[in-house]
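Q: Let me give you the structure first, and then I'll get to my questions.
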Amino acid sequence: MDENKKNDRLSIMRNIVLIAFVVILLKIVYMTTLKYEHYTELAENKTYKELPIKAPRGEVKDRYGRLLAGNKTLFTVQVSGDGISKKDSEGVSVANDISLNLINLLEKNKEEYIDEFPIYIENGKYYYTFDKNIREYKTPSQNNISLELNAKENDIPLELNAKESFYYIVDRLISEGILSEEDRKLEPSKLQKKLNENSEYPPILVSKWMFTDEKNKEDWLQSYKITEPKVSAKEAFRQLREYYEIDPSLSDKEARKILVVRDLIKSQGYSRYKPMTIAKDISQETMAQLEENAMKFPGVSVATEPVRYYPEGALASHTLGQMGKIPSSEESKYFEKNEGKKYSKGDTIGVSGIEKNYEEQLKGVDGYEKVQVDALGRITKKLDVKEPKSGDTVYLSIDKDLQMKTEKLLKDILETMSRGGTYKSKYGDKSFSNDAPNAKSGAVIAIDPKTGDVLSMASYPDYDPNLFVNGISYDEYENLKPKNTNDVLAPNAQINLATQSVVQPGSIFKMITGMAAIDNGLSPNYAINDSGVIYLGQKPFADLIWHKSRSTHGYTDLYRAIQESCNIYFATIASGKNWSGGKDPDVKIGPNDVLDYARKFGLDDYTGLDKEIGEKKGTVPSVESKLETTKSLLRNHLNKEMTNDFTDITKDKNPDEYKKRIEEIVSWTDEEKTPGRVEAINRLSKMKIKEDRVEPLADDIVFTYLNFSKWKAADTFNLAIGQGENAYTPAQMARYVSTIANGGDLVDVSAVDRVISSDYKSVDIDENENKKADFNDSEKLNDLKKGMVQMANESASKTLFSKIPVTVAAKTGTAEKSGKIPTANEVEYLESHMGSYKVSLEEASKLANQLKTEREKELSTEREKELKEELKNNKDLTEKERAALEEELEDGVKVKLSNDDDKVNASFLRKAIKELNPKISDEQIDAYKPGYSPFAWSVAFAPAEDPQIAVVTMIPQGSTGGNSLYITKEVIGTYFDLGNERAEDENNNSKETDKNINIVEDGSINFAATMKK
């Protein structure tokens, strides 16, 4: 009996042990398989951490090795997810308390901290930053500050969705002659590549037809398991409070402070043990308070980190570029790199200029430090360290001294020019009348015409790139924005006018027309007796002196035509006809020949700066492209204006028939004889256009589009003198004038001299591409030089260069800018002139609201149709995406236009005015606005016989080319003075060094001599 009991007890004990063993085994399997990563990370965090050591970014220096962009070490505040997730004695997480206390401390000490939480609260309302970014992308001059500026042309109507916005940009580029109608038919991905090749980077996912911020918003919400479509920012905020179990007694303002920290840590994904930087460049006071209260802030630490630093502030800012966070649309490109330098969340990258285009060279290789930590996250022992490796050093071709003086000259002279007064200089004073009050921006580029190296490049206004290093504040960014965002020529600190402004060149183009003629056999001595004016019908085409005083240039050959800028001479040789009477040119050339020579001078290409700092390029027009451009512009205009102009159909209900009728009107441009006003009225009436819209539409179609659709003599004249379809950047013009200066070498422009690796083992010399321009006889360029020398030394400008110690060759240009300057508040402007428009303000406002409501209905219908087509045709939709689209349809699609957007509201108010007064035109509505002043251009090189420097200056609204030439002259004088000073310094240094060279008897050499070598 006892034996049986003993066996039973043993059996029970054995079973208990077996069960315990099985449980332990299962737990081990669970921990080592299903929860392996979690427990491994937990165990490691309790013993040691691998702390990243940021590598210094490579430096950027000028041609002589003087620092332009370096690094400085800052104290930063870092937080780690595992550290702040500690629990108190009652087992409750203290992460929220730590987060709130940390932000409160930073705010109390007036420290700036990283706030990337994508919901913000304004006046009690809740908004997504994702939506704000899309609005800012569409609105001119208000682009997302973390991205490189796209362009001031991003005037995209706010109501357009991603697909419509994409093709809006495409149509704009077609109208500018950059893309063709055939390009529009390409697959979206191929068309997007075409846009990128032309420096357009719309943040749109063409595979899904979503803005990248729309996708980011969707992904961010789903990361918190918020799947309701179109969930409001306020509701999402409420759900996040619940997700993080934030105390209900805290206000939303306080809750948001917690969410700033918690969301920043969550954005790291599975690497939450790695510390994230929440604040940079903190004060000693903040650092001391965090150290003293370490018990209160577990998981929060103070660290040092190298950050980008620009010791000269705004100097060469447009060339150097700026730093910024990695755009969310490009995170995969950086975070998933298998080769090369690695990136992690929170890293900054170059987003423009040299910083962007030399990112791979400038980026260093981060190191790490393995340390043992205690329960508070404090380091108790250092286990291992891998030192970081700094990035390579990029040497620019820029001369820091010349750059500094160029920027100051540009700024100071523009200020004097715009207010009127005298600018005093050792090279000669200049008195400016008050003829250029809006000359408040400009660009200068100076290059070595033989090598293409940029010596200095300035664009005013500029900005301090240090502002962007740690994230620019709202107020600072507002200060950088144009004061009038409706004005495309308003001074914009973030636009590099030297490489991004594509504008008409005016008379500095005339040497191309001259070369097209003399390179094909015309003698430069061919002369006309200038009549001062040519009449094309009732319209005069005249010389500037004819417009001013009804004078003429008299007997004029090529040299004098360049010297005095005779329009009639260049119109004569470009058309092959002597319009002043007398002998026609022996050599007949036409517009296609002039355009061909513009291409030979490189004006259809990038200059080479596209690969270094980024640039736009003007495109040489063509006779054929003018018709296609007009068609595209007319089509876009009609689609926008005629939505409800038919009596029997609407764009919404009868899209196919609507499109057919629009195309019929567009086809009038192809007719050999252009329809006149009466004919257009008759045709439109037969097309069932509303009676009150027939005449205004006919006038618009005929006088704005049809009359300008075909190439005419006036187009040839304008082309010959750099007006009309011509439009190029100052950088392109610098390359062109250098080709004249150096005798026919088309040299790529470059701002980079060399790149030296951080270990000094390799040097990459930047070799500029150089090819002979395809001229019949490059010697003919000397005739152009002769005319330019006469311009600088024998014309009204001869006293301008009298104090410059070398012979200068120069040419000025004054390019007309059509249109009126829009006001900063267009609605206010329209309302203030209602009496002049003979329209009631009350009626106009009421009709504008009605038109806006109708447009919202149209957009809602279009959106509904788009959703149905997406559900029907897109087989790749996930169940979740399909459900979201179906729910949007069930709820009823309602597109609402912004009530706060001046441009949107003004467009409807203007349309209402024109409907209430069908006889009024846009020109009459804008009659009370000032017009734009001309662009002022100048080009020059010196010494004329052996050029060392070529300079181009361009001033928007600079009034006359002579105003621009004064800046060009100052830069040339400064360049030669600096050269003389440098030669003198080198001579003195050489004499001093020679005294110190002592070759010792044993063969050793004094170190000073070695350094000199």
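By convention in this document, the chains of the structure tokens carry letters A, B, ... by their order, each chain's residues are numbered from 1, and ligands are numbered from 1 in the order they are shown.
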In range 687-910 of chain A, what's strand (DSSP E or B) per DSSP? Answer as number ranges by chain?

A: A: 689, 728, 745-747, 750, 752-756, 763-765, 770-772, 809-815, 820

Q: Generate a file of the selected residues that holds C-alpha atoms, formatted as a PDB file, in the first residue's frame.

A:
```pdb
ATOM      1  CA  ILE A 689     -23.146  79.734 -78.413  1.00  0.00           C
ATOM      2  CA  TYR A 728      16.930  82.175 -72.109  1.00  0.00           C
ATOM      3  CA  ASP A 745      34.693  77.174 -78.439  1.00  0.00           C
ATOM      4  CA  LEU A 746      31.367  76.118 -76.928  1.00  0.00           C
ATOM      5  CA  VAL A 747      32.478  75.428 -73.356  1.00  0.00           C
ATOM      6  CA  SER A 750      30.945  74.771 -64.331  1.00  0.00           C
ATOM      7  CA  VAL A 752      33.073  72.952 -59.475  1.00  0.00           C
ATOM      8  CA  ASP A 753      36.854  72.780 -59.757  1.00  0.00           C
ATOM      9  CA  ARG A 754      37.732  69.482 -58.043  1.00  0.00           C
ATOM     10  CA  VAL A 755      36.694  66.988 -55.377  1.00  0.00           C
ATOM     11  CA  ILE A 756      39.270  65.616 -52.910  1.00  0.00           C
ATOM     12  CA  VAL A 763      41.401  63.909 -56.564  1.00  0.00           C
ATOM     13  CA  ASP A 764      38.592  64.193 -59.107  1.00  0.00           C
ATOM     14  CA  ILE A 765      39.359  67.143 -61.383  1.00  0.00           C
ATOM     15  CA  ASN A 770      34.689  71.887 -74.772  1.00  0.00           C
ATOM     16  CA  LYS A 771      33.685  71.556 -78.407  1.00  0.00           C
ATOM     17  CA  LYS A 772      34.001  73.734 -81.465  1.00  0.00           C
ATOM     18  CA  ALA A 809      33.720  94.435 -75.505  1.00  0.00           C
ATOM     19  CA  ALA A 810      30.064  94.846 -74.513  1.00  0.00           C
ATOM     20  CA  LYS A 811      26.424  94.873 -75.592  1.00  0.00           C
ATOM     21  CA  THR A 812      23.214  95.915 -73.843  1.00  0.00           C
ATOM     22  CA  GLY A 813      19.677  94.668 -74.245  1.00  0.00           C
ATOM     23  CA  THR A 814      16.258  95.982 -73.247  1.00  0.00           C
ATOM     24  CA  ALA A 815      13.553  93.321 -73.506  1.00  0.00           C
ATOM     25  CA  LYS A 820       0.134  94.507 -65.994  1.00  0.00           C
TER      26      LYS A 820
END
```

Q: Compile the contact shell of Ser959 in chain A as JSON, numbers by chain: residues with an atom at most 12 Å away, counting only C-alpha atoms, same-chain residues fewer than 5 positions apart removed.

A: {"A": [414, 417, 418, 432, 433, 434, 435, 436, 437, 438, 439, 440, 812, 813, 814, 815, 816, 817, 931, 932, 933, 934, 935, 936, 937, 954, 964, 965]}

Q: Got time to write the residues from that selection, N, CA, C and O atoms, as an mmCIF file, in the first residue's frame?

A:
```cif
data_model
loop_
_atom_site.group_PDB
_atom_site.id
_atom_site.type_symbol
_atom_site.label_atom_id
_atom_site.label_comp_id
_atom_site.auth_asym_id
_atom_site.auth_seq_id
_atom_site.Cartn_x
_atom_site.Cartn_y
_atom_site.Cartn_z
ATOM 1 N N LEU A 414 21.303 98.019 -57.073
ATOM 2 C CA LEU A 414 19.855 97.858 -57.231
ATOM 3 C C LEU A 414 19.092 98.791 -56.294
ATOM 4 O O LEU A 414 18.077 99.387 -56.675
ATOM 5 N N MET A 417 19.412 102.242 -57.730
ATOM 6 C CA MET A 417 18.661 102.314 -58.976
ATOM 7 C C MET A 417 17.161 102.437 -58.724
ATOM 8 O O MET A 417 16.465 103.225 -59.373
ATOM 9 N N SER A 418 16.634 101.658 -57.795
ATOM 10 C CA SER A 418 15.192 101.616 -57.575
ATOM 11 C C SER A 418 14.662 102.870 -56.878
ATOM 12 O O SER A 418 13.507 103.247 -57.066
ATOM 13 N N PHE A 432 21.357 107.599 -61.194
ATOM 14 C CA PHE A 432 20.169 106.892 -61.682
ATOM 15 C C PHE A 432 18.949 107.784 -61.513
ATOM 16 O O PHE A 432 18.694 108.306 -60.421
ATOM 17 N N SER A 433 18.204 107.965 -62.579
ATOM 18 C CA SER A 433 16.921 108.655 -62.457
ATOM 19 C C SER A 433 15.930 107.660 -61.846
ATOM 20 O O SER A 433 16.258 106.497 -61.629
ATOM 21 N N ASN A 434 14.745 108.116 -61.594
ATOM 22 C CA ASN A 434 13.772 107.230 -60.949
ATOM 23 C C ASN A 434 12.957 106.463 -61.996
ATOM 24 O O ASN A 434 11.737 106.353 -61.881
ATOM 25 N N ASP A 435 13.647 105.904 -63.043
ATOM 26 C CA ASP A 435 12.929 105.222 -64.117
ATOM 27 C C ASP A 435 12.780 103.729 -63.883
ATOM 28 O O ASP A 435 12.172 103.029 -64.692
ATOM 29 N N ALA A 436 13.357 103.199 -62.793
ATOM 30 C CA ALA A 436 13.266 101.760 -62.521
ATOM 31 C C ALA A 436 12.893 101.503 -61.058
ATOM 32 O O ALA A 436 13.642 100.860 -60.322
ATOM 33 N N PRO A 437 11.726 101.987 -60.603
ATOM 34 C CA PRO A 437 11.356 101.831 -59.189
ATOM 35 C C PRO A 437 11.143 100.387 -58.765
ATOM 36 O O PRO A 437 11.221 100.071 -57.576
ATOM 37 N N ASN A 438 10.881 99.504 -59.743
ATOM 38 C CA ASN A 438 10.638 98.088 -59.417
ATOM 39 C C ASN A 438 11.858 97.203 -59.656
ATOM 40 O O ASN A 438 11.750 95.978 -59.635
ATOM 41 N N ALA A 439 13.012 97.828 -59.877
ATOM 42 C CA ALA A 439 14.250 97.051 -60.088
ATOM 43 C C ALA A 439 14.792 96.605 -58.733
ATOM 44 O O ALA A 439 15.740 97.170 -58.206
ATOM 45 N N LYS A 440 14.174 95.581 -58.177
ATOM 46 C CA LYS A 440 14.525 95.150 -56.827
ATOM 47 C C LYS A 440 15.045 93.716 -56.785
ATOM 48 O O LYS A 440 15.150 93.104 -55.727
ATOM 49 N N THR A 812 24.368 95.817 -74.748
ATOM 50 C CA THR A 812 23.214 95.915 -73.843
ATOM 51 C C THR A 812 21.961 95.395 -74.524
ATOM 52 O O THR A 812 21.905 95.264 -75.755
ATOM 53 N N GLY A 813 20.957 95.117 -73.720
ATOM 54 C CA GLY A 813 19.677 94.668 -74.245
ATOM 55 C C GLY A 813 18.541 95.156 -73.356
ATOM 56 O O GLY A 813 18.665 95.154 -72.130
ATOM 57 N N THR A 814 17.450 95.566 -73.979
ATOM 58 C CA THR A 814 16.258 95.982 -73.247
ATOM 59 C C THR A 814 15.096 95.177 -73.809
ATOM 60 O O THR A 814 14.698 95.377 -74.962
ATOM 61 N N ALA A 815 14.585 94.248 -73.022
ATOM 62 C CA ALA A 815 13.553 93.321 -73.506
ATOM 63 C C ALA A 815 12.207 93.659 -72.885
ATOM 64 O O ALA A 815 12.063 93.681 -71.657
ATOM 65 N N GLU A 816 11.229 93.920 -73.747
ATOM 66 C CA GLU A 816 9.910 94.312 -73.267
ATOM 67 C C GLU A 816 9.221 93.156 -72.540
ATOM 68 O O GLU A 816 9.365 92.001 -72.912
ATOM 69 N N LYS A 817 8.480 93.514 -71.490
ATOM 70 C CA LYS A 817 7.673 92.539 -70.746
ATOM 71 C C LYS A 817 6.226 93.018 -70.802
ATOM 72 O O LYS A 817 5.888 94.084 -70.302
ATOM 73 N N GLY A 931 2.005 98.864 -65.581
ATOM 74 C CA GLY A 931 2.572 97.842 -66.459
ATOM 75 C C GLY A 931 3.969 97.449 -66.011
ATOM 76 O O GLY A 931 4.613 98.142 -65.220
ATOM 77 N N TYR A 932 4.433 96.325 -66.529
ATOM 78 C CA TYR A 932 5.800 95.881 -66.243
ATOM 79 C C TYR A 932 6.805 96.744 -67.006
ATOM 80 O O TYR A 932 6.559 97.134 -68.145
ATOM 81 N N SER A 933 7.915 97.013 -66.380
ATOM 82 C CA SER A 933 9.032 97.667 -67.064
ATOM 83 C C SER A 933 9.869 96.586 -67.753
ATOM 84 O O SER A 933 9.809 95.407 -67.384
ATOM 85 N N PRO A 934 10.711 96.966 -68.743
ATOM 86 C CA PRO A 934 11.493 95.965 -69.479
ATOM 87 C C PRO A 934 12.574 95.294 -68.618
ATOM 88 O O PRO A 934 12.994 95.815 -67.583
ATOM 89 N N PHE A 935 13.006 94.126 -69.092
ATOM 90 C CA PHE A 935 14.186 93.468 -68.528
ATOM 91 C C PHE A 935 15.420 94.217 -69.027
ATOM 92 O O PHE A 935 15.511 94.559 -70.210
ATOM 93 N N ALA A 936 16.365 94.463 -68.127
ATOM 94 C CA ALA A 936 17.615 95.141 -68.506
ATOM 95 C C ALA A 936 18.734 94.107 -68.545
ATOM 96 O O ALA A 936 19.025 93.460 -67.543
ATOM 97 N N TRP A 937 19.369 93.965 -69.708
ATOM 98 C CA TRP A 937 20.429 92.979 -69.911
ATOM 99 C C TRP A 937 21.732 93.690 -70.312
ATOM 100 O O TRP A 937 21.720 94.751 -70.922
ATOM 101 N N MET A 954 21.421 90.627 -65.560
ATOM 102 C CA MET A 954 20.019 90.728 -65.950
ATOM 103 C C MET A 954 19.222 91.285 -64.772
ATOM 104 O O MET A 954 19.328 90.790 -63.648
ATOM 105 N N SER A 964 21.789 98.030 -66.433
ATOM 106 C CA SER A 964 22.430 96.737 -66.187
ATOM 107 C C SER A 964 23.935 96.806 -66.461
ATOM 108 O O SER A 964 24.745 96.222 -65.730
ATOM 109 N N LEU A 965 24.312 97.548 -67.505
ATOM 110 C CA LEU A 965 25.718 97.602 -67.918
ATOM 111 C C LEU A 965 26.608 98.201 -66.829
ATOM 112 O O LEU A 965 27.779 97.840 -66.710
#
```

Q: For each of A:Glu235, A:Glu794, A:Val737, A:Leu871, take the minimum atom-to-atom distance to Ala884 in chain A, counting only C-alpha atoms, then give the residue where this is smallest.

A: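 Among A:Glu235, A:Glu794, A:Val737, A:Leu871, it is A:Leu871 that comes nearest to Ala884 in chain A.
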
Q: Hey, what's within 12 Å of Pro505 in chain A if we count only C-alpha atoms and toss same-chain stuff fewer than 3 positions away? As a ChimeraX atom specification, please?

A: /A:501-502,508-512,603,618,718-734,736,811-817,934-939,952-956,961

Q: From a DSSP pass on the backbone, collect the residues of range 188-236 of chain A flagged as alpha helix (DSSP H) and hand them back as a PyMOL selection string.

A: chain A and resi 188-197+212-223+233-236
